[in-house]
>>> print(open('coords.cif').read())   # mmCIF, C-alpha atoms
data_upload
#
loop_
_atom_site.label_atom_id
_atom_site.label_comp_id
_atom_site.auth_asym_id
_atom_site.auth_seq_id
_atom_site.Cartn_x
_atom_site.Cartn_y
_atom_site.Cartn_z
CA MET I 30 0.00 0.00 0.00
CA MET I 31 2.83 2.38 0.89
CA ILE I 32 4.55 1.86 -2.47
CA THR I 33 1.31 2.36 -4.40
CA LYS I 34 0.62 5.59 -2.59
CA ARG I 35 4.18 6.90 -3.02
CA LEU I 36 3.91 6.20 -6.76
CA GLY I 37 0.78 8.33 -6.88
CA TYR I 38 -1.89 5.69 -7.52
CA ASN I 39 -5.16 5.07 -5.69
CA TYR I 40 -5.95 1.47 -6.60
CA ILE I 41 -4.20 -1.83 -6.04
CA TRP I 42 -5.04 -5.44 -6.94
CA ILE I 43 -3.91 -8.18 -4.53
CA ASP I 44 -4.93 -11.68 -5.61
CA SER I 45 -5.49 -13.03 -2.11
CA LEU I 46 -7.77 -10.09 -1.27
CA CYS I 47 -9.56 -9.55 -4.58
CA ILE I 48 -10.35 -13.23 -5.22
CA ILE I 49 -12.69 -14.78 -2.65
CA GLN I 50 -10.65 -17.44 -0.90
CA ASP I 51 -12.07 -20.98 -0.71
CA SER I 52 -14.65 -20.08 -3.36
CA PRO I 53 -14.16 -22.31 -6.45
CA ASN I 54 -16.77 -20.36 -8.42
CA ASP I 55 -15.09 -17.01 -7.83
CA TRP I 56 -11.66 -18.48 -8.58
CA ILE I 57 -12.88 -19.86 -11.92
CA SER I 58 -14.36 -16.50 -12.93
CA GLU I 59 -11.31 -14.48 -11.90
CA SER I 60 -8.71 -16.91 -13.27
CA ALA I 61 -10.35 -16.53 -16.69
CA ILE I 62 -9.56 -12.79 -16.75
CA MET I 63 -6.22 -12.68 -14.90
CA GLY I 64 -4.44 -11.96 -18.17
CA GLN I 65 -6.56 -8.83 -18.68
CA ILE I 66 -5.85 -7.68 -15.14
CA TYR I 67 -2.08 -7.93 -15.63
CA ARG I 68 -2.12 -6.51 -19.17
CA ASN I 69 -4.21 -3.47 -18.18
CA SER I 70 -2.29 -2.68 -15.00
CA THR I 71 0.10 0.26 -14.69
CA CYS I 72 2.82 -1.50 -12.76
CA ASN I 73 3.30 -4.85 -11.08
CA LEU I 74 4.88 -4.84 -7.61
CA ALA I 75 6.68 -7.93 -6.35
CA SER I 76 8.58 -8.88 -3.23
CA LEU I 77 11.38 -11.18 -4.34
CA GLY I 78 12.66 -11.94 -0.86
CA ALA I 79 9.35 -12.75 0.82
CA VAL I 80 8.95 -16.38 1.89
CA ASP I 81 5.14 -16.14 2.06
CA SER I 82 2.34 -13.58 2.12
CA ASN I 83 3.53 -12.33 5.51
CA GLY I 84 6.83 -11.15 4.04
CA GLY I 85 7.24 -7.52 3.04
CA CYS I 86 9.04 -5.59 0.35
CA PHE I 87 11.58 -3.84 2.53
CA THR I 88 14.76 -5.21 4.04
CA THR I 89 17.81 -3.87 5.87
CA ARG I 90 20.85 -3.60 3.61
CA ASN I 91 23.88 -1.45 2.82
CA PRO I 92 22.97 0.71 -0.20
CA LEU I 93 26.62 1.59 -0.82
CA LEU I 94 27.14 -1.95 -2.10
CA TYR I 95 24.90 -1.20 -5.06
CA ARG I 96 26.14 2.25 -6.05
CA PRO I 97 29.12 3.19 -8.21
CA CYS I 98 32.29 3.74 -6.19
CA ARG I 99 34.67 6.45 -7.40
CA LEU I 100 38.24 5.16 -7.21
CA ASN I 101 40.14 8.28 -8.31
CA GLY I 102 39.93 11.45 -10.34
CA ASP I 103 37.39 14.24 -10.31
CA ASP I 104 33.83 14.41 -11.56
CA GLN I 105 35.03 14.90 -15.14
CA SER I 106 37.62 12.12 -15.35
CA ALA I 107 36.90 9.72 -12.54
CA LEU I 108 37.38 5.95 -12.56
CA TYR I 109 34.42 4.11 -11.06
CA ALA I 110 33.89 0.54 -9.88
CA PHE I 111 30.45 -1.00 -10.39
CA GLY I 112 28.96 -4.02 -8.73
CA TYR I 113 27.61 -6.28 -11.47
CA GLY I 114 23.88 -6.68 -11.25
CA ASP I 115 22.34 -8.46 -14.20
CA PRO I 116 18.54 -7.94 -13.91
CA GLU I 117 17.60 -11.47 -14.93
CA GLU I 118 20.15 -12.98 -12.56
CA HIS I 119 18.79 -10.75 -9.81
CA TYR I 120 15.24 -11.93 -10.49
CA GLN I 121 16.09 -15.63 -10.72
CA SER I 122 18.61 -15.92 -7.88
CA SER I 123 16.88 -13.88 -5.20
CA SER I 124 13.27 -14.78 -5.87
CA ARG I 125 10.94 -17.56 -4.87
CA LEU I 126 8.55 -15.99 -7.35
CA ALA I 127 10.67 -17.16 -10.28
CA SER I 128 9.67 -20.74 -9.54
CA ARG I 129 5.92 -20.09 -9.31
CA ALA I 130 3.86 -20.86 -12.41
CA TRP I 131 1.13 -18.30 -11.68
CA VAL I 132 3.74 -15.55 -11.57
CA PHE I 133 4.97 -16.42 -15.07
CA GLN I 134 2.11 -14.71 -16.93
CA GLU I 135 2.09 -11.92 -14.36
CA ARG I 136 5.63 -11.09 -15.40
CA MET I 137 5.01 -11.58 -19.13
CA LEU I 138 1.83 -9.52 -19.39
CA SER I 139 2.25 -6.59 -17.00
CA PRO I 140 3.62 -3.52 -18.89
CA ARG I 141 5.98 -2.61 -16.06
CA ALA I 142 7.29 -4.32 -12.94
CA LEU I 143 9.12 -3.18 -9.83
CA TYR I 144 10.91 -5.90 -7.84
CA TYR I 145 12.00 -5.54 -4.21
CA GLY I 146 14.70 -8.07 -3.36
CA VAL I 147 17.04 -8.74 -0.47
CA THR I 148 19.99 -7.45 -2.53
CA GLY I 149 18.30 -4.41 -4.00
CA ILE I 150 15.61 -3.13 -6.30
CA SER I 151 15.20 -4.02 -9.97
CA TRP I 152 12.67 -3.00 -12.57
CA GLU I 153 11.66 -3.91 -16.09
CA CYS I 154 9.40 -2.80 -18.89
CA VAL I 155 9.22 -3.44 -22.62
CA SER I 156 12.31 -1.31 -23.24
CA CYS I 157 14.76 -2.66 -20.69
CA SER I 158 15.51 -4.53 -17.48
CA ALA I 159 17.63 -2.76 -14.89
CA THR I 160 18.87 -2.78 -11.30
CA GLU I 161 20.28 -0.24 -8.89
CA SER I 162 23.77 -1.27 -9.96
CA LEU I 163 22.89 -1.00 -13.66
CA PRO I 164 20.15 1.64 -13.82
CA ASP I 165 20.45 1.93 -17.61
CA GLY I 166 19.99 -1.80 -18.06
CA VAL I 167 22.22 -4.44 -19.61
CA GLN I 168 23.09 -3.66 -23.18
CA GLY I 169 23.87 -6.46 -25.64
CA VAL I 170 26.57 -6.38 -28.26
CA GLY I 171 24.32 -6.89 -31.26
CA GLU I 172 20.73 -6.85 -32.41
CA ASP I 173 20.34 -10.56 -31.67
CA ASP I 174 22.03 -10.46 -28.27
CA ALA I 175 19.79 -12.23 -25.73
CA ARG I 176 20.63 -9.60 -23.11
CA ASP I 177 18.56 -7.07 -25.05
CA GLU I 178 15.48 -9.34 -24.98
CA THR I 179 13.17 -8.83 -22.01
CA PRO I 180 10.27 -11.26 -21.42
CA LYS I 181 7.78 -8.49 -22.15
CA ARG I 182 9.52 -7.50 -25.38
CA ALA I 183 9.66 -11.12 -26.51
CA LEU I 184 5.89 -11.47 -26.08
CA LEU I 185 5.14 -8.22 -27.91
CA GLY I 186 7.40 -9.37 -30.75
CA ILE I 187 5.06 -12.27 -31.57
CA ASP I 188 2.43 -11.52 -34.21
CA ALA I 189 0.92 -12.90 -37.40
CA SER I 190 3.89 -11.69 -39.48
CA LEU I 191 6.28 -14.13 -37.78
CA THR I 192 7.59 -17.01 -39.81
CA GLN I 193 6.69 -20.50 -38.67
CA GLU I 194 10.29 -21.06 -37.68
CA ARG I 195 10.40 -17.96 -35.47
CA PHE I 196 7.07 -18.71 -33.81
CA ARG I 197 8.18 -22.25 -33.01
CA LYS I 198 11.30 -20.87 -31.37
CA GLU I 199 9.41 -18.29 -29.32
CA TRP I 200 6.68 -20.71 -28.22
CA GLY I 201 9.28 -23.34 -27.38
CA GLN I 202 11.06 -20.87 -25.09
CA ILE I 203 7.80 -19.83 -23.42
CA LEU I 204 6.81 -23.44 -22.84
CA ALA I 205 10.24 -24.48 -21.55
CA THR I 206 10.32 -21.60 -19.04
CA TYR I 207 6.74 -22.01 -17.87
CA SER I 208 6.86 -25.79 -17.50
CA ARG I 209 9.84 -25.50 -15.12
CA CYS I 210 7.69 -23.55 -12.66
CA ASN I 211 5.82 -25.08 -9.74
CA LEU I 212 2.10 -25.29 -9.04
CA THR I 213 0.37 -25.98 -5.75
CA LYS I 214 -2.51 -27.56 -7.69
CA GLU I 215 -1.54 -29.60 -10.74
CA THR I 216 -4.99 -28.95 -12.23
CA ASP I 217 -3.90 -25.31 -12.78
CA ARG I 218 -1.38 -26.35 -15.46
CA LEU I 219 -3.37 -24.85 -18.35
CA ALA I 220 -5.12 -22.13 -16.35
CA ALA I 221 -1.92 -20.47 -15.11
CA ILE I 222 -0.76 -19.73 -18.67
CA HIS I 223 -4.22 -18.94 -20.06
CA GLY I 224 -3.61 -15.19 -20.02
CA VAL I 225 -0.46 -15.52 -22.15
CA VAL I 226 -2.29 -17.82 -24.57
CA LYS I 227 -5.17 -15.35 -24.96
CA GLU I 228 -2.69 -12.58 -25.70
CA LEU I 229 -0.92 -14.73 -28.28
CA ARG I 230 -4.20 -15.71 -29.93
CA ALA I 231 -5.13 -12.06 -30.31
CA ARG I 232 -1.71 -11.22 -31.74
CA LEU I 233 -1.92 -14.20 -34.14
CA ASP I 234 -5.30 -13.19 -35.57
CA GLY I 235 -7.32 -15.68 -33.55
CA ALA I 236 -5.12 -18.75 -34.00
CA VAL I 237 -6.76 -21.92 -32.66
CA TYR I 238 -5.24 -23.33 -29.46
CA LEU I 239 -6.58 -26.52 -27.89
CA ALA I 240 -5.31 -27.94 -24.59
CA GLY I 241 -1.75 -26.72 -25.13
CA ILE I 242 -1.56 -27.37 -28.90
CA TRP I 243 -1.54 -24.71 -31.64
CA MET I 244 -3.71 -26.19 -34.39
CA ASP I 245 -2.00 -24.22 -37.16
CA ASP I 246 1.03 -26.41 -36.50
CA PRO I 247 -0.31 -29.44 -34.61
CA LEU I 248 2.28 -32.10 -35.44
CA PHE I 249 5.13 -29.88 -34.26
CA CYS I 250 3.26 -29.17 -31.01
CA LEU I 251 2.74 -32.89 -30.42
CA LEU I 252 6.48 -33.57 -30.55
CA TRP I 253 7.37 -32.30 -27.09
CA GLU I 254 9.60 -34.29 -24.75
CA THR I 255 9.93 -34.50 -20.99
CA ASN I 256 13.04 -33.81 -18.95
CA GLU I 257 14.25 -36.41 -16.44
CA PRO I 258 11.35 -38.87 -16.88
CA GLY I 259 12.53 -41.01 -13.97
CA HIS I 260 11.58 -38.32 -11.47
CA HIS I 261 7.99 -37.52 -12.36
CA ARG I 262 4.63 -38.98 -13.28
CA ARG I 263 1.45 -38.31 -15.19
CA ASN I 264 -0.80 -35.92 -13.29
CA THR I 265 -3.09 -37.83 -10.93
CA SER I 266 -6.00 -35.47 -11.60
CA TYR I 267 -7.15 -34.94 -15.18
CA THR I 268 -5.49 -31.80 -16.53
CA ALA I 269 -5.20 -32.50 -20.27
CA PRO I 270 -5.17 -35.29 -22.88
CA THR I 271 -1.98 -37.38 -22.85
CA TRP I 272 -0.90 -35.78 -26.15
CA SER I 273 -0.64 -32.41 -24.39
CA TRP I 274 2.45 -31.30 -22.48
CA ALA I 275 0.05 -30.20 -19.72
CA SER I 276 -0.66 -33.85 -18.84
CA VAL I 277 2.72 -34.34 -17.13
CA ASN I 278 4.00 -32.63 -14.00
CA THR I 279 7.52 -31.87 -15.19
CA SER I 280 9.39 -29.50 -17.46
CA VAL I 281 9.14 -30.14 -21.17
CA ASP I 282 11.16 -29.25 -24.23
CA ALA I 283 9.55 -28.28 -27.52
CA SER I 284 12.67 -27.03 -29.27
CA LEU I 285 12.28 -29.03 -32.48
CA GLN I 286 13.81 -27.46 -35.53
CA PRO I 287 11.28 -26.39 -38.16
CA THR I 288 9.98 -28.96 -40.61
CA GLY I 289 12.32 -28.86 -43.59
CA LYS I 290 15.31 -27.86 -41.45
CA TRP I 291 15.98 -30.66 -39.04
CA GLY I 292 18.88 -30.60 -36.64
CA GLU I 293 22.29 -32.14 -36.99
CA GLU I 294 23.62 -35.62 -36.35
CA ASN I 295 27.08 -36.97 -35.71
CA PHE I 296 27.65 -38.85 -38.96
CA ARG I 297 29.01 -42.34 -38.26
CA GLY I 298 30.75 -41.22 -35.10
CA MET I 299 32.83 -38.60 -36.89
CA SER I 300 32.75 -34.82 -36.70
CA VAL I 301 30.60 -34.59 -39.80
CA TRP I 302 27.11 -33.16 -39.50
CA VAL I 303 23.98 -33.95 -41.46
CA THR I 304 20.94 -31.71 -41.91
CA TYR I 305 17.68 -33.47 -42.68
CA ASP I 306 14.74 -32.32 -44.75
CA LEU I 307 11.61 -33.31 -42.80
CA ARG I 308 8.20 -34.12 -44.20
CA GLU I 309 5.03 -34.74 -42.23
CA VAL I 310 3.59 -38.20 -42.89
CA ALA I 311 0.70 -38.15 -40.40
CA GLN I 312 -2.59 -36.42 -41.10
CA ILE I 313 -4.84 -35.07 -38.36
CA ILE I 314 -8.47 -35.83 -39.16
CA GLU I 315 -10.28 -34.56 -36.08
CA THR I 316 -9.51 -32.79 -32.83
CA THR I 317 -12.05 -32.60 -30.01
CA VAL I 318 -11.47 -30.75 -26.75
CA THR I 319 -14.14 -30.00 -24.13
CA PRO I 320 -13.50 -26.90 -21.98
CA ALA I 321 -14.04 -27.42 -18.27
CA HIS I 322 -15.85 -24.06 -18.10
CA ASP I 323 -17.90 -22.33 -20.80
CA GLY I 324 -18.21 -18.77 -22.02
CA THR I 325 -16.61 -15.99 -20.01
CA ARG I 326 -15.57 -18.53 -17.35
CA ASP I 327 -13.28 -20.40 -19.76
CA ASN I 328 -9.91 -20.31 -18.00
CA GLY I 329 -8.10 -22.79 -20.23
CA GLN I 330 -8.85 -25.89 -18.18
CA VAL I 331 -10.29 -28.87 -20.08
CA SER I 332 -12.34 -31.90 -19.06
CA TYR I 333 -11.74 -34.10 -22.12
CA GLY I 334 -9.86 -34.24 -25.40
CA HIS I 335 -8.89 -36.58 -28.21
CA ILE I 336 -7.19 -36.47 -31.59
CA VAL I 337 -7.97 -38.72 -34.54
CA PHE I 338 -5.17 -39.01 -37.07
CA ASN I 339 -4.04 -41.29 -39.85
CA ALA I 340 -0.41 -42.39 -39.64
CA PRO I 341 1.92 -45.37 -40.04
CA TYR I 342 2.13 -47.39 -36.83
CA ARG I 343 3.35 -50.73 -35.57
CA HIS I 344 3.79 -52.72 -32.40
CA VAL I 345 7.33 -52.46 -31.00
CA THR I 346 9.34 -53.59 -28.00
CA TRP I 347 11.84 -51.72 -25.86
CA ASP I 348 14.68 -53.30 -27.82
CA ASP I 349 13.40 -51.63 -30.99
CA PHE I 350 14.21 -48.28 -29.41
CA ARG I 351 17.82 -49.17 -28.63
CA ARG I 352 20.89 -49.52 -30.81
CA PRO I 353 21.44 -53.30 -31.12
CA ALA I 354 24.71 -54.57 -29.73
CA HIS I 355 25.45 -56.42 -32.98
CA ALA I 356 24.85 -53.40 -35.22
CA SER I 357 27.87 -52.01 -37.00
CA ARG I 358 28.85 -48.48 -36.03
CA ASN I 359 29.13 -47.82 -39.75
CA SER I 360 25.51 -48.73 -40.35
CA ARG I 361 23.45 -47.54 -37.40
CA ALA I 362 23.34 -43.99 -36.09
CA THR I 363 24.33 -43.50 -32.47
CA ASN I 364 21.89 -40.66 -31.80
CA ASP I 365 18.67 -42.70 -31.46
CA ARG I 366 16.45 -41.49 -28.64
CA PHE I 367 13.42 -42.89 -26.84
CA LEU I 368 12.19 -40.51 -24.15
CA PRO I 369 9.32 -41.87 -22.02
CA ASP I 370 6.93 -39.30 -20.59
CA PHE I 371 7.39 -40.87 -17.14
CA ARG I 372 9.32 -43.63 -15.43
CA TYR I 373 9.29 -47.04 -17.15
CA SER I 374 7.58 -48.80 -14.26
CA ARG I 375 4.37 -46.98 -15.08
CA PHE I 376 3.79 -48.82 -18.36
CA LYS I 377 4.57 -52.23 -19.82
CA LEU I 378 7.62 -52.17 -22.06
CA ASP I 379 6.30 -55.01 -24.22
CA GLU I 380 3.06 -53.17 -25.00
CA ILE I 381 4.28 -50.14 -26.92
CA TRP I 382 3.16 -48.94 -30.33
CA ALA I 383 5.21 -46.51 -32.39
CA VAL I 384 3.38 -44.00 -34.58
CA LEU I 385 5.32 -42.13 -37.25
CA LEU I 386 4.62 -38.40 -37.55
CA CYS I 387 7.58 -37.13 -39.59
CA THR I 388 10.35 -38.62 -41.69
CA GLY I 389 13.37 -36.95 -43.22
CA PHE I 390 16.33 -37.43 -45.54
CA PRO I 391 19.57 -35.54 -46.04
CA LYS I 392 19.03 -32.65 -48.38
CA THR I 393 21.66 -33.96 -50.78
CA PHE I 394 19.32 -36.70 -52.02
CA SER I 395 16.98 -36.10 -54.92
CA ARG I 396 13.23 -35.96 -54.33
CA ASP I 397 12.67 -38.84 -56.78
CA LEU I 398 15.00 -41.09 -54.83
CA GLN I 399 13.36 -40.10 -51.57
CA ASP I 400 9.89 -40.89 -52.90
CA SER I 401 11.00 -44.31 -54.11
CA GLY I 402 11.86 -45.41 -50.58
CA LEU I 403 14.71 -47.51 -51.93
CA ASP I 404 18.46 -47.47 -51.54
CA ILE I 405 18.51 -44.51 -49.20
CA GLU I 406 21.84 -43.88 -47.49
CA ALA I 407 20.31 -42.19 -44.43
CA ARG I 408 16.91 -41.44 -42.90
CA ILE I 409 15.38 -40.11 -39.69
CA ASP I 410 11.96 -41.09 -38.31
CA ILE I 411 10.27 -39.03 -35.59
CA GLY I 412 7.11 -39.88 -33.72
CA LEU I 413 5.35 -40.89 -30.55
CA ALA I 414 5.33 -44.03 -28.43
CA LEU I 415 1.80 -45.08 -27.49
CA GLY I 416 0.10 -47.44 -25.08
CA ARG I 417 -3.17 -49.12 -26.00
CA VAL I 418 -6.31 -48.20 -24.05
CA GLU I 419 -8.93 -50.87 -23.35
CA THR I 420 -12.42 -49.75 -24.32
CA ALA I 421 -15.84 -51.11 -23.43
CA ASP I 422 -16.67 -51.73 -27.10
CA GLY I 423 -13.41 -53.58 -27.77
CA ARG I 424 -11.89 -51.09 -30.22
CA ASN I 425 -8.18 -51.63 -30.81
CA ASN I 426 -7.28 -48.21 -32.23
CA VAL I 427 -7.53 -46.15 -29.03
CA PHE I 428 -4.22 -45.12 -27.43
CA LYS I 429 -2.57 -42.83 -24.93
CA ARG I 430 0.83 -41.25 -25.30
CA VAL I 431 3.73 -42.69 -23.29
CA GLY I 432 6.79 -41.17 -24.97
CA TYR I 433 8.66 -39.64 -27.88
CA PHE I 434 11.26 -41.17 -30.20
CA GLU I 435 13.81 -40.37 -32.89
CA GLN I 436 15.28 -43.16 -35.02
CA TYR I 437 18.24 -42.69 -37.39
CA TYR I 438 19.06 -45.23 -40.10
CA TRP I 439 21.99 -45.82 -42.44
CA ARG I 440 22.55 -48.16 -45.33
CA GLY I 441 22.96 -51.71 -44.00
CA ASP I 442 20.53 -51.52 -41.08
CA GLU I 443 18.39 -54.60 -40.66
CA ASN I 444 16.08 -53.57 -37.83
CA ILE I 445 14.36 -50.53 -39.30
CA ILE I 446 11.14 -49.97 -37.36
CA PHE I 447 9.28 -48.30 -40.20
CA SER I 448 10.66 -50.25 -43.14
CA ARG I 449 8.61 -49.53 -46.21
CA PRO I 450 6.37 -50.71 -47.81
CA HIS I 451 5.50 -53.08 -44.93
CA VAL I 452 4.10 -50.48 -42.52
CA GLU I 453 0.37 -50.19 -41.99
CA SER I 454 -1.38 -46.81 -41.80
CA ARG I 455 -4.74 -46.46 -40.12
CA ASN I 456 -6.89 -44.03 -38.18
CA LEU I 457 -5.82 -43.85 -34.54
CA ILE I 458 -7.57 -42.19 -31.60
CA LEU I 459 -5.21 -40.59 -29.10
CA LEU I 460 -6.76 -39.67 -25.75
#
>>> encode(input="coords.cif", output="structure tokens")
Amino acid sequence: MMITKRLGYNYIWIDSLCIIQDSPNDWISESAIMGQIYRNSTCNLASLGAVDSNGGCFTTRNPLLYRPCRLNGDDQSALYAFGYGDPEEHYQSSSRLASRAWVFQERMLSPRALYYGVTGISWECVSCSATESLPDGVQGVGEDDARDETPKRALLGIDASLTQERFRKEWGQILATYSRCNLTKETDRLAAIHGVVKELRARLDGAVYLAGIWMDDPLFCLLWETNEPGHHRRNTSYTAPTWSWASVNTSVDASLQPTGKWGEENFRGMSVWVTYDLREVAQIIETTVTPAHDGTRDNGQVSYGHIVFNAPYRHVTWDDFRRPAHASRNSRATNDRFLPDFRYSRFKLDEIWAVLLCTGFPKTFSRDLQDSGLDIEARIDIGLALGRVETADGRNNVFKRVGYFEQYYWRGDENIIFSRPHVESRNLILL
């Protein structure tokens, strides 16, 4: 209250006071418009050093530690020593807020922010991030220097004019940062980023977003991967379909290179790198998502969702996802990856189906040779690992996601998972 008054303003929003506590109905209504509250505010105030709501903004400290110290000379030709105070480091290292998921969109959407920490004060807006030690902000050395990019500026830089490649990069960074944050209630996974999503949809001319997936680029959005699967699980309460990153309670990575410009691979164990040209081989037929709350109370949470798509698939075993011991290093790539969404003990390793979403070849090969499917020197297959779901009507095409895979092949391989033309394609339902 004191800070608000000293800044010359008469109104303040405090979540714990303005949202009726222990009222699910009021929380649903307010969580649906939190993005508007942050976006339309004048300034966001945050106490970085507070342990809980009883902590304040002010602390006892020595301000001389954060001011320039003149070592010699006069006012015209003095030599000064500065304490280094990178704004982002200040925010991350001295703040419990940095680890809270609900604070993520608060920081992204508010036009200005003033942070009170145990080591000093910092502030940020669209133009810069600064501290008492560096009141003019940290300046990068070039137009692409990451130090010039504030979270607010990054969000405002996203619009319909962005290339697919650039949007994938920006969304991947947003998702990676947000998914590392903690939630008291795992069911808030989609709600706590709803404000950012609404802002992005407006800036992307109403792009369709369903349960964490941008439908203008759905296959890319499906190819996320979890970090450290041995230390987490699927959410116990329903938060999202298994094909959504919001269904797991861990950080995720969605940093795939754009289709047509795949990443690099260590060619046959040597320092030679290969760039693949990716093509999508799966086709999404239908996507159904049911919001948990309708109309103005839609806060991003969902109660059900499924995707129907047509793609090559086959039953596999765990050994299919590993480089065989007998394979020649000159024939099989060493970069194969199978990343389960959670620890292995939570699904049966002998009941896995692989579904192929994208396949790629080195750009040096002709399109005619690629289309023939014969005599290809190298190939990469990318897709999802699925587990079958038992249904009351006995259908055998209903699955849930259990992981992500990349398979690299070279001439001479004998255990190619998706060897053509012996791979069946059919319509699959992914819950």
>>> atom_distance(input="coords.cif", atom1="atom CA of I:His223", atom2="atom CA of I:Gln330")
8.6 Å
>>> resolve_selection(input="coords.cif", expression="the PyMOL selection byres ((chain I and resi 264-280) around 8)", output="PDB file with C-alpha atoms, in the coordinates of the input")
ATOM      1  CA  ALA I 205      10.240 -24.480 -21.550  1.00  0.00           C
ATOM      2  CA  TYR I 207       6.740 -22.010 -17.870  1.00  0.00           C
ATOM      3  CA  SER I 208       6.860 -25.790 -17.500  1.00  0.00           C
ATOM      4  CA  ARG I 209       9.840 -25.500 -15.120  1.00  0.00           C
ATOM      5  CA  CYS I 210       7.690 -23.550 -12.660  1.00  0.00           C
ATOM      6  CA  GLU I 215      -1.540 -29.600 -10.740  1.00  0.00           C
ATOM      7  CA  THR I 216      -4.990 -28.950 -12.230  1.00  0.00           C
ATOM      8  CA  ASP I 217      -3.900 -25.310 -12.780  1.00  0.00           C
ATOM      9  CA  ARG I 218      -1.380 -26.350 -15.460  1.00  0.00           C
ATOM     10  CA  LEU I 219      -3.370 -24.850 -18.350  1.00  0.00           C
ATOM     11  CA  ALA I 240      -5.310 -27.940 -24.590  1.00  0.00           C
ATOM     12  CA  GLY I 241      -1.750 -26.720 -25.130  1.00  0.00           C
ATOM     13  CA  ILE I 242      -1.560 -27.370 -28.900  1.00  0.00           C
ATOM     14  CA  LEU I 251       2.740 -32.890 -30.420  1.00  0.00           C
ATOM     15  CA  TRP I 253       7.370 -32.300 -27.090  1.00  0.00           C
ATOM     16  CA  THR I 255       9.930 -34.500 -20.990  1.00  0.00           C
ATOM     17  CA  ASN I 256      13.040 -33.810 -18.950  1.00  0.00           C
ATOM     18  CA  HIS I 261       7.990 -37.520 -12.360  1.00  0.00           C
ATOM     19  CA  ARG I 262       4.630 -38.980 -13.280  1.00  0.00           C
ATOM     20  CA  ARG I 263       1.450 -38.310 -15.190  1.00  0.00           C
ATOM     21  CA  VAL I 281       9.140 -30.140 -21.170  1.00  0.00           C
ATOM     22  CA  ASP I 282      11.160 -29.250 -24.230  1.00  0.00           C
ATOM     23  CA  GLN I 330      -8.850 -25.890 -18.180  1.00  0.00           C
ATOM     24  CA  VAL I 331     -10.290 -28.870 -20.080  1.00  0.00           C
ATOM     25  CA  SER I 332     -12.340 -31.900 -19.060  1.00  0.00           C
ATOM     26  CA  TYR I 333     -11.740 -34.100 -22.120  1.00  0.00           C
ATOM     27  CA  GLY I 334      -9.860 -34.240 -25.400  1.00  0.00           C
ATOM     28  CA  HIS I 335      -8.890 -36.580 -28.210  1.00  0.00           C
ATOM     29  CA  ASP I 370       6.930 -39.300 -20.590  1.00  0.00           C
ATOM     30  CA  LYS I 429      -2.570 -42.830 -24.930  1.00  0.00           C
ATOM     31  CA  ARG I 430       0.830 -41.250 -25.300  1.00  0.00           C
ATOM     32  CA  VAL I 431       3.730 -42.690 -23.290  1.00  0.00           C
ATOM     33  CA  LEU I 459      -5.210 -40.590 -29.100  1.00  0.00           C
ATOM     34  CA  LEU I 460      -6.760 -39.670 -25.750  1.00  0.00           C
TER      35      LEU I 460
END
>>> resolve_selection(input="coords.cif", expression="the PyMOL selection byres ((chain I and resi 425) around 12)", output="list in words")
Trp382, Gly416, Arg417, Val418, Glu419, Thr420, Ala421, Asp422, Gly423, Arg424, Asn426, Val427, Phe428, Lys429, Arg455, Asn456, Leu457, Ile458 and Leu459 of chain I
>>> resolve_selection(input="coords.cif", expression="the PyMOL selection byres ((chain I and resi 226) around 10)", output="compact mmCIF listing (two decimals) with C-alpha atoms, keeping the file's coordinate frame")
# COMPACT_ATOMS: atom_id res chain seq x y z
CA GLY I 64 -4.44 -11.96 -18.17
CA GLN I 134 2.11 -14.71 -16.93
CA LEU I 219 -3.37 -24.85 -18.35
CA ALA I 220 -5.12 -22.13 -16.35
CA ALA I 221 -1.92 -20.47 -15.11
CA ILE I 222 -0.76 -19.73 -18.67
CA HIS I 223 -4.22 -18.94 -20.06
CA GLY I 224 -3.61 -15.19 -20.02
CA VAL I 225 -0.46 -15.52 -22.15
CA LYS I 227 -5.17 -15.35 -24.96
CA GLU I 228 -2.69 -12.58 -25.70
CA LEU I 229 -0.92 -14.73 -28.28
CA ARG I 230 -4.20 -15.71 -29.93
CA ALA I 231 -5.13 -12.06 -30.31
CA ARG I 232 -1.71 -11.22 -31.74
CA ALA I 236 -5.12 -18.75 -34.00
CA TYR I 238 -5.24 -23.33 -29.46
CA GLY I 241 -1.75 -26.72 -25.13
CA TRP I 243 -1.54 -24.71 -31.64
CA GLY I 329 -8.10 -22.79 -20.23
>>> residues_near_point(input="coords.cif", point="(8.8, -0.9, 3.5)", cutoff="8 Å", atoms="only C-alpha atoms", output="PDB file with C-alpha atoms, in the coordinates of the input")
ATOM      1  CA  MET I  31       2.830   2.380   0.890  1.00  0.00           C
ATOM      2  CA  ILE I  32       4.550   1.860  -2.470  1.00  0.00           C
ATOM      3  CA  GLY I  85       7.240  -7.520   3.040  1.00  0.00           C
ATOM      4  CA  CYS I  86       9.040  -5.590   0.350  1.00  0.00           C
ATOM      5  CA  PHE I  87      11.580  -3.840   2.530  1.00  0.00           C
ATOM      6  CA  THR I  88      14.760  -5.210   4.040  1.00  0.00           C
TER       7      THR I  88
END
>>> residues_near_point(input="coords.cif", point="(6.2, -10.8, -7.6)", cutoff="9 Å", atoms="all atoms listed in the file", output="PyMOL selection string")
chain I and resi 73-77+124-127+132+135-136+142-145
>>> atom_distance(input="coords.cif", atom1="atom CA of I:Ser139", atom2="atom CA of I:Asn69")
7.3 Å
>>> axis_aligned_box(input="coords.cif", around="stretch 208-212 of chain I", padding_each_side="8 Å", output="AutoDock Vina command-line options")
--center_x 6.0 --center_y -24.7 --center_z -13.3 --size_x 23.7 --size_y 18.2 --size_z 24.5
